[in-house]
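A.B. asks: The structure's right below; bear with me while I get my questions together.
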Amino acid sequence: MSLPTGYYAFEWSGGTFEVQLRPGGEFWCPRFAAPATWQFSGGTLAIDWGKYGEYVLRLSGDALAGGARGNESDWRKMRFLRAFTPQEALVSASVWRLRSGDEEPLLVQFRADGRFVCPSRAGTFSYRLEGGSVLIEWDSLSNDRLRLDMAAKAMAGSTLCCPLCAASSAVRLEYVERLPADVP
């Protein structure tokens with residue numbers, strides 16, 4: 001038996017918030033970001049959340065319950081919310097090569113927290129998935145929509161105001177690699 005990767009509600013005495021069990025044993029919480037891992041074996045989920053502690057939860061029905069390692073009175077619960085969409089699994093926490101016209105290709109990052117980062121361009125940018133498209137929000141400059149081709153691990157579209165590209169150019173992005181979810 002295995003646990004599905006995706007979104008979970010994580011509950012403790014201080015409230016409830018969303019966490020992610022990501023592929024490859026990566027545990028991620030945007031609200032309390034830290035390098036973290038998870039392992040599931042024999043009906044038990046072990047979470048090593050770095051500075052936030054270690055937790056052991058056991059599968060009970062459709063939920064997980066337990067507590068801090070060595071102190072189960074410091075209780076925690078988790079409940080599955082939903083699996084990652086194929087688009088989320090590909091794009092969230094990944095590096096892509098951006099090509100535009102004759103310009104030199106750039107490496108860009110789609111961070112797990114929704115930030116879009118291009119090391120050669122200062123600014124705070126974001127992205128979001130909308131069906132089969134990725135919407136890149138370039139501050140107040142523009143919103144560029146790229147079609148996502150899952151089979152080719154590529155995105156393509158035209159941009160009218162991409163600050164990294166020539167005006168009104170065709171843009172193509174190609175998948176390069178995974179990125180740890182906790183990249184600052």
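Order determines the names: the first chain of the structure tokens is A, the second B, and so forth; residues in each chain are numbered 1 upward, and ligands are numbered 1 upward as they are shown.
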Which of range 1-177 of chain A end up as strand (DSSP E or B) when DSSP is run on this backbone - answer as a count of residues only?

C.D. replies: 104

A.B. asks: In range 46-158 of chain A, what's alpha helix (DSSP H) per DSSP? Answer as a ChimeraX atom specification?

C.D. replies: /A:86-91

A.B. asks: Save out the residues we just selected, N, CA, C and O atoms, as a compact mmCIF listing (two decimals), in the first residue's frame.

C.D. replies:
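Heads up, here's the output in result-v6.txt:
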# COMPACT_ATOMS: atom_id res chain seq x y z
N PRO A 86 -1.90 16.27 -13.57
CA PRO A 86 -0.67 16.01 -14.33
C PRO A 86 0.10 17.31 -14.62
O PRO A 86 1.33 17.33 -14.61
N GLN A 87 -0.63 18.41 -14.85
CA GLN A 87 0.00 19.69 -15.12
C GLN A 87 0.77 20.19 -13.89
O GLN A 87 1.90 20.68 -14.01
N GLU A 88 0.17 20.09 -12.71
CA GLU A 88 0.85 20.50 -11.48
C GLU A 88 2.10 19.65 -11.25
O GLU A 88 3.15 20.18 -10.88
N ALA A 89 1.97 18.35 -11.48
CA ALA A 89 3.10 17.45 -11.26
C ALA A 89 4.28 17.80 -12.17
O ALA A 89 5.44 17.68 -11.76
N LEU A 90 4.02 18.26 -13.39
CA LEU A 90 5.08 18.62 -14.32
C LEU A 90 5.65 20.00 -14.04
O LEU A 90 6.86 20.19 -14.00
N VAL A 91 4.79 21.00 -13.83
CA VAL A 91 5.24 22.39 -13.79
C VAL A 91 5.72 22.83 -12.41
O VAL A 91 6.76 23.49 -12.29

A.B. asks: For range 178-184 of chain A, work out the shell of residues within 7 Å, counting only C-alpha atoms and skipping chain neighbours fewer than 3 positions away, then give it as a list in words.

C.D. replies: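 What passes the distance filter is Trp28, Ala33, Ala34, Pro35, Ala93, Ser94, Val95, Arg111 and Ala112 of chain A.
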
A.B. asks: Write the residues of the preceding selection, restricted to N, CA, C and O atoms, as an mmCIF file, in the first residue's frame.

C.D. replies:
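selection31.cif, written as the output of this step:
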data_model
loop_
_atom_site.group_PDB
_atom_site.id
_atom_site.type_symbol
_atom_site.label_atom_id
_atom_site.label_comp_id
_atom_site.auth_asym_id
_atom_site.auth_seq_id
_atom_site.Cartn_x
_atom_site.Cartn_y
_atom_site.Cartn_z
ATOM 1 N N TRP A 28 6.186 19.181 1.536
ATOM 2 C CA TRP A 28 6.241 20.628 1.279
ATOM 3 C C TRP A 28 5.043 21.311 1.895
ATOM 4 O O TRP A 28 3.912 20.845 1.764
ATOM 5 N N ALA A 33 7.673 26.758 5.205
ATOM 6 C CA ALA A 33 8.640 26.197 4.261
ATOM 7 C C ALA A 33 9.935 25.794 4.960
ATOM 8 O O ALA A 33 10.485 26.552 5.753
ATOM 9 N N ALA A 34 10.385 24.588 4.657
ATOM 10 C CA ALA A 34 11.646 24.057 5.169
ATOM 11 C C ALA A 34 11.965 22.792 4.388
ATOM 12 O O ALA A 34 11.050 22.113 3.921
ATOM 13 N N PRO A 35 13.242 22.465 4.263
ATOM 14 C CA PRO A 35 13.560 21.176 3.648
ATOM 15 C C PRO A 35 12.909 20.070 4.484
ATOM 16 O O PRO A 35 13.043 20.051 5.706
ATOM 17 N N ALA A 93 7.592 23.408 -9.188
ATOM 18 C CA ALA A 93 8.960 23.084 -8.760
ATOM 19 C C ALA A 93 9.761 22.469 -9.909
ATOM 20 O O ALA A 93 10.200 21.331 -9.861
ATOM 21 N N SER A 94 9.942 23.257 -10.970
ATOM 22 C CA SER A 94 10.672 22.766 -12.139
ATOM 23 C C SER A 94 11.458 23.886 -12.809
ATOM 24 O O SER A 94 11.191 25.067 -12.609
ATOM 25 N N VAL A 95 12.443 23.487 -13.613
ATOM 26 C CA VAL A 95 13.285 24.402 -14.381
ATOM 27 C C VAL A 95 12.985 24.177 -15.860
ATOM 28 O O VAL A 95 12.866 23.032 -16.303
ATOM 29 N N ARG A 111 8.449 27.911 -9.329
ATOM 30 C CA ARG A 111 8.623 27.479 -7.949
ATOM 31 C C ARG A 111 7.330 26.866 -7.404
ATOM 32 O O ARG A 111 6.225 27.200 -7.849
ATOM 33 N N ALA A 112 7.460 26.011 -6.412
ATOM 34 C CA ALA A 112 6.308 25.325 -5.821
ATOM 35 C C ALA A 112 5.345 26.299 -5.146
ATOM 36 O O ALA A 112 4.158 26.016 -5.025
#

A.B. asks: Determine the nearest neighbour of Ala154 in chain A from the options A:Leu21, A:Leu173, A:Leu107, A:Ala36, counting only C-alpha atoms.

C.D. replies: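 Checking each of A:Leu21, A:Leu173, A:Leu107, A:Ala36 against Ala154 in chain A, counting only C-alpha atoms, the winner is A:Leu173.
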
A.B. asks: Could you give me, as a list in words, the residues within 6 Å of Arg79 in chain A, counting only C-alpha atoms and dropping anything in the same chain fewer than 2 positions from it?

C.D. replies: Tyr8, Ala9 and Ala63 of chain A

A.B. asks: Please, could you write that set of residues out with N, CA and C atoms as a PDB file, in the first residue's frame?

C.D. replies:
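Done, and the output landed in out02.pdb:
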ATOM      1  N   TYR A   8      -2.840  17.657   1.195  1.00  0.00           N
ATOM      2  CA  TYR A   8      -3.405  17.122   2.434  1.00  0.00           C
ATOM      3  C   TYR A   8      -3.713  18.281   3.389  1.00  0.00           C
ATOM      4  N   ALA A   9      -4.719  18.082   4.216  1.00  0.00           N
ATOM      5  CA  ALA A   9      -4.983  19.001   5.326  1.00  0.00           C
ATOM      6  C   ALA A   9      -4.186  18.479   6.516  1.00  0.00           C
ATOM      7  N   ALA A  63      -7.861   8.611   7.102  1.00  0.00           N
ATOM      8  CA  ALA A  63      -7.043   9.696   7.645  1.00  0.00           C
ATOM      9  C   ALA A  63      -5.791   9.122   8.290  1.00  0.00           C
TER      10      ALA A  63
END

A.B. asks: Point out the residue among A:Pro119, A:Pro105, A:Gly131, A:Gly66 with the least atom-to-atom distance to Glu174 in chain A, counting only C-alpha atoms.

C.D. replies: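 Using only C-alpha atoms, Glu174 in chain A sits closest to A:Pro105.
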
A.B. asks: Could you please determine the separation between CA of Trp96 in chain A and CA of Gly132 in chain A in Å, to one decimal place?

C.D. replies: 16.8 Å

A.B. asks: Env of Leu106 in chain A: 10 Å cut, atoms = only C-alpha atoms, seq-sep filter 4 positions within chain, self excluded. Answer as a PyMOL selection string.

C.D. replies: chain A and resi 96-100+118-120+164+173

A.B. asks: Measure the distance from CA of Thr37 in chain A to CA of Thr85 in chain A in Å and round it to one decimal.

C.D. replies: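 It comes out at 20.9 Å.
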
A.B. asks: Could you tell me which of A:Glu11, A:Asp48, A:Asp149, A:Asp102 comes closest to Arg76 in chain A if we count only C-alpha atoms?

C.D. replies: A:Glu11

A.B. asks: What separation in Å, quoted to one decimal, exists between CA of Asn143 in chain A and CA of Ser126 in chain A?

C.D. replies: 9.7 Å

A.B. asks: Check the smallest atom-to-atom distance from each of A:Glu104, A:Phe110, A:Phe84, A:Gly67 to Thr5 in chain A using only C-alpha atoms, then report the winner.

C.D. replies: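 Using only C-alpha atoms, the shortest distance to Thr5 in chain A belongs to A:Phe84.
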